[in-house]
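K.L.:
I am attaching a structure below and will ask some questions about it afterwards.
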Amino acid sequence: MVQIIIGNMIALIASVIIVYSGYLKQKNEILYAQTVQIGLYMISNIVLGGITGAIINAISYIRNILCYKEKLNNLVKIILIVLAIVLSLCFNNLGVIGLLPVISSIVYKLFCFIYLLYSFLIKWYINNSLCFFQFIPFVLSMSYKIYFHSYLLSRTAMFSVWPGWVSVGKSI
């Protein structure tokens with residue numbers, strides 16, 4: 001029980017930082033705040049026993065640092081995705097539940113890549129299907145967080161995705 005409280009308290013601090021980063025204007029400040037937030041989520045996952053979630057957060061942490069130092073390119077992104085998959089598969093001891101963060105991360109990253117690549121050709125279609133593609137990682141991520149009693153993180157995920165769904169709904 002103490003682990004659940006500690007893990008959720010760390011997640012609360014991370015959630016406050018992610019809200020704070022929404023008010024920042026400069027790219028480097030935003031990346032710094034998000035890097036701290038991801039680091040705290042990683043610690044929260046470790047405390048709560050979510051090893052694959054911690055691995056995905058660790059890879060995101062590295063990605064943000066590389067982006068902050070302006071050393072992130074497509075090759076590095078692909079390497080980080082492959083690294084996340086391999087490490088998560090190696091350290092997964094929870095079966096399907098342990099794969100949820102990996103699947104969620106891959107679906108989201110692939111969707112972002114496809115969106116950037118084809119946005120000029122299929123903007124209307126993507127806008128109409130954006131809710132669906134955001135919904136998949138959202139459900140997977142929520143299931144994983146609830147499994148590890150990370151109630152605060154699951155609510156943060158819910159409230160962070162909601163504005164995207166609203167804006168997509170308005171654009172249709």
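Labeling convention for the structure tokens: chains A, B, ... as they appear, residues from 1 per chain, ligands from 1 in order of appearance.
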Which residues come within 9 Å of Leu89 (chain A), counting only C-alpha atoms, excluding same-chain residues fewer than 2 positions away, as a short mmCIF file (atom, residue, chain, number, x, y, z; two decimals) with C-alpha atoms, in the first residue's frame?

P.N.:
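In the end it all went to out-v8.cif:
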```cif
data_model
loop_
_atom_site.label_atom_id
_atom_site.label_comp_id
_atom_site.auth_asym_id
_atom_site.auth_seq_id
_atom_site.Cartn_x
_atom_site.Cartn_y
_atom_site.Cartn_z
CA THR A 52 7.92 -2.01 -19.28
CA ALA A 84 12.12 0.21 -26.70
CA ILE A 85 10.60 -2.87 -28.31
CA VAL A 86 13.61 -5.11 -27.66
CA LEU A 87 14.11 -4.02 -24.04
CA PHE A 91 12.12 -7.48 -19.42
CA ASN A 92 8.39 -8.12 -19.75
CA ASN A 93 7.27 -10.49 -17.03
CA GLY A 98 3.46 -5.78 -19.92
CA LEU A 99 3.16 -5.27 -23.67
CA VAL A 102 5.05 -0.91 -26.01
#
```

K.L.:
Please provide the set of residues having any atom within 12 Å of Leu100 (chain A), restricted to only C-alpha atoms, with same-chain residues fewer than 5 positions apart removed, written as a list of chain:residue names.

P.N.:
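The residues that qualify are A:Gly50, A:Ile51, A:Thr52, A:Gly53, A:Ile56, A:Ile85, A:Ser88, A:Leu89, A:Asn92, A:Leu94, A:Gly95, A:Ser105, A:Ile106, A:Val107, A:Ile136, A:Pro137, A:Phe138, A:Val139, A:Leu140, A:Ser141, A:Met142, A:Ser143, A:Tyr144, A:Lys145, A:Ile146, A:Tyr147.
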
K.L.:
For the selection you just gave me, I'd like the residues written to a file as a CSV table (one decimal), in the first residue's frame, keeping C-alpha atoms.

P.N.:
```
chain,number,residue,atom,x,y,z
A,50,GLY,CA,5.6,-1.3,-14.1
A,51,ILE,CA,8.9,-2.2,-15.6
A,52,THR,CA,7.9,-2.0,-19.3
A,53,GLY,CA,6.3,1.4,-18.6
A,56,ILE,CA,9.3,3.2,-22.4
A,85,ILE,CA,10.6,-2.9,-28.3
A,88,SER,CA,10.4,-4.3,-23.3
A,89,LEU,CA,10.2,-7.8,-24.7
A,92,ASN,CA,8.4,-8.1,-19.8
A,94,LEU,CA,3.6,-9.7,-17.2
A,95,GLY,CA,2.5,-11.1,-20.5
A,105,SER,CA,4.0,3.8,-27.9
A,106,ILE,CA,4.4,2.1,-31.3
A,107,VAL,CA,0.9,2.9,-32.4
A,136,ILE,CA,-6.0,2.9,-29.1
A,137,PRO,CA,-2.9,4.1,-27.3
A,138,PHE,CA,-5.1,5.8,-24.7
A,139,VAL,CA,-7.0,2.6,-23.8
A,140,LEU,CA,-3.8,0.5,-23.7
A,141,SER,CA,-2.0,3.1,-21.6
A,142,MET,CA,-5.0,3.4,-19.2
A,143,SER,CA,-5.3,-0.4,-18.8
A,144,TYR,CA,-1.6,-0.6,-17.9
A,145,LYS,CA,-1.8,2.2,-15.4
A,146,ILE,CA,-4.9,0.9,-13.7
A,147,TYR,CA,-3.3,-2.6,-13.5
```

K.L.:
With only C-alpha atoms as the basis for distance, which of A:Gln3, A:Ala14, A:Ala33, A:Leu66 is at the shortest distance from Leu48 (chain A)?

P.N.:
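Closest candidate: A:Gln3.
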
K.L.:
Quick one: residues within 12 Å of region 25-30 of chain A, only C-alpha atoms, excluding same-chain residues fewer than 5 positions away - as a PyMOL selection string?

P.N.:
chain A and resi 17-20+35-37+64-70

K.L.:
Which is closer to Lys77 (chain A) than all the others in A:Leu110, A:Ile6, A:Asn57, A:Val96, using only C-alpha atoms?

P.N.:
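Distance minimum relative to Lys77 (chain A) lands on A:Leu110.
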
K.L.:
For CA of Ile59 (chain A) and CA of Leu80 (chain A), quote the distance in Å rounded to one decimal.

P.N.:
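According to the coordinates, CA of Ile59 (chain A) and CA of Leu80 (chain A) are separated by 6.5 Å.
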
K.L.:
Would you kindly return, as a PDB file with N, CA and C atoms, in the first residue's frame, each protein, DNA or RNA residue with an atom no farther than 10 Å from any atom of Ile5 (chain A), considering only C-alpha atoms and excluding same-chain residues fewer than 2 positions away?

P.N.:
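Contents of around.pdb, as written:
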```
ATOM      1  N   MET A   1       0.816  -1.198   0.000  1.00  0.00           N
ATOM      2  CA  MET A   1       0.000   0.000   0.000  1.00  0.00           C
ATOM      3  C   MET A   1       0.859   1.262   0.000  1.00  0.00           C
ATOM      4  N   VAL A   2       1.973   1.223   0.741  1.00  0.00           N
ATOM      5  CA  VAL A   2       2.869   2.374   0.802  1.00  0.00           C
ATOM      6  C   VAL A   2       3.458   2.655  -0.582  1.00  0.00           C
ATOM      7  N   GLN A   3       3.796   1.577  -1.311  1.00  0.00           N
ATOM      8  CA  GLN A   3       4.329   1.752  -2.660  1.00  0.00           C
ATOM      9  C   GLN A   3       3.326   2.450  -3.568  1.00  0.00           C
ATOM     10  N   GLY A   7       4.210   5.917  -5.281  1.00  0.00           N
ATOM     11  CA  GLY A   7       4.187   5.963  -6.743  1.00  0.00           C
ATOM     12  C   GLY A   7       3.220   6.996  -7.269  1.00  0.00           C
ATOM     13  N   ASN A   8       2.060   7.093  -6.642  1.00  0.00           N
ATOM     14  CA  ASN A   8       1.070   8.083  -7.074  1.00  0.00           C
ATOM     15  C   ASN A   8       1.463   9.499  -6.681  1.00  0.00           C
ATOM     16  N   MET A   9       2.182   9.679  -5.585  1.00  0.00           N
ATOM     17  CA  MET A   9       2.659  11.016  -5.204  1.00  0.00           C
ATOM     18  C   MET A   9       3.706  11.509  -6.216  1.00  0.00           C
ATOM     19  N   ILE A  10       4.580  10.614  -6.632  1.00  0.00           N
ATOM     20  CA  ILE A  10       5.566  10.976  -7.656  1.00  0.00           C
ATOM     21  C   ILE A  10       4.849  11.322  -8.960  1.00  0.00           C
ATOM     22  N   ALA A  11       3.824  10.543  -9.291  1.00  0.00           N
ATOM     23  CA  ALA A  11       3.043  10.813 -10.498  1.00  0.00           C
ATOM     24  C   ALA A  11       2.314  12.150 -10.392  1.00  0.00           C
ATOM     25  N   VAL A  47       8.455   2.323  -8.986  1.00  0.00           N
ATOM     26  CA  VAL A  47       7.908   2.146  -7.637  1.00  0.00           C
ATOM     27  C   VAL A  47       6.652   1.281  -7.669  1.00  0.00           C
ATOM     28  N   LEU A  48       5.826   1.472  -8.698  1.00  0.00           N
ATOM     29  CA  LEU A  48       4.571   0.720  -8.798  1.00  0.00           C
ATOM     30  C   LEU A  48       4.750  -0.663  -9.430  1.00  0.00           C
ATOM     31  N   HIS A 149      -2.180   0.205 -10.293  1.00  0.00           N
ATOM     32  CA  HIS A 149      -2.761   1.102  -9.297  1.00  0.00           C
ATOM     33  C   HIS A 149      -2.232   2.527  -9.433  1.00  0.00           C
ATOM     34  N   SER A 150      -1.876   2.922 -10.625  1.00  0.00           N
ATOM     35  CA  SER A 150      -1.404   4.274 -10.865  1.00  0.00           C
ATOM     36  C   SER A 150      -2.612   5.116 -11.266  1.00  0.00           C
ATOM     37  N   TYR A 151      -3.455   5.358 -10.295  1.00  0.00           N
ATOM     38  CA  TYR A 151      -4.729   6.018 -10.550  1.00  0.00           C
ATOM     39  C   TYR A 151      -4.549   7.453 -11.016  1.00  0.00           C
TER      40      TYR A 151
END
```

K.L.:
Which value, in Å to one decimal, gives the distance between CA of Ile97 (chain A) and CA of Ile79 (chain A)?

P.N.:
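So the answer is 23.8 Å.
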
K.L.:
Between CA of Leu24 (chain A) and CA of Phe111 (chain A), what is the distance in Å, rounded to a tenth?

P.N.:
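Calculated distance between CA of Leu24 (chain A) and CA of Phe111 (chain A) is 25.6 Å.
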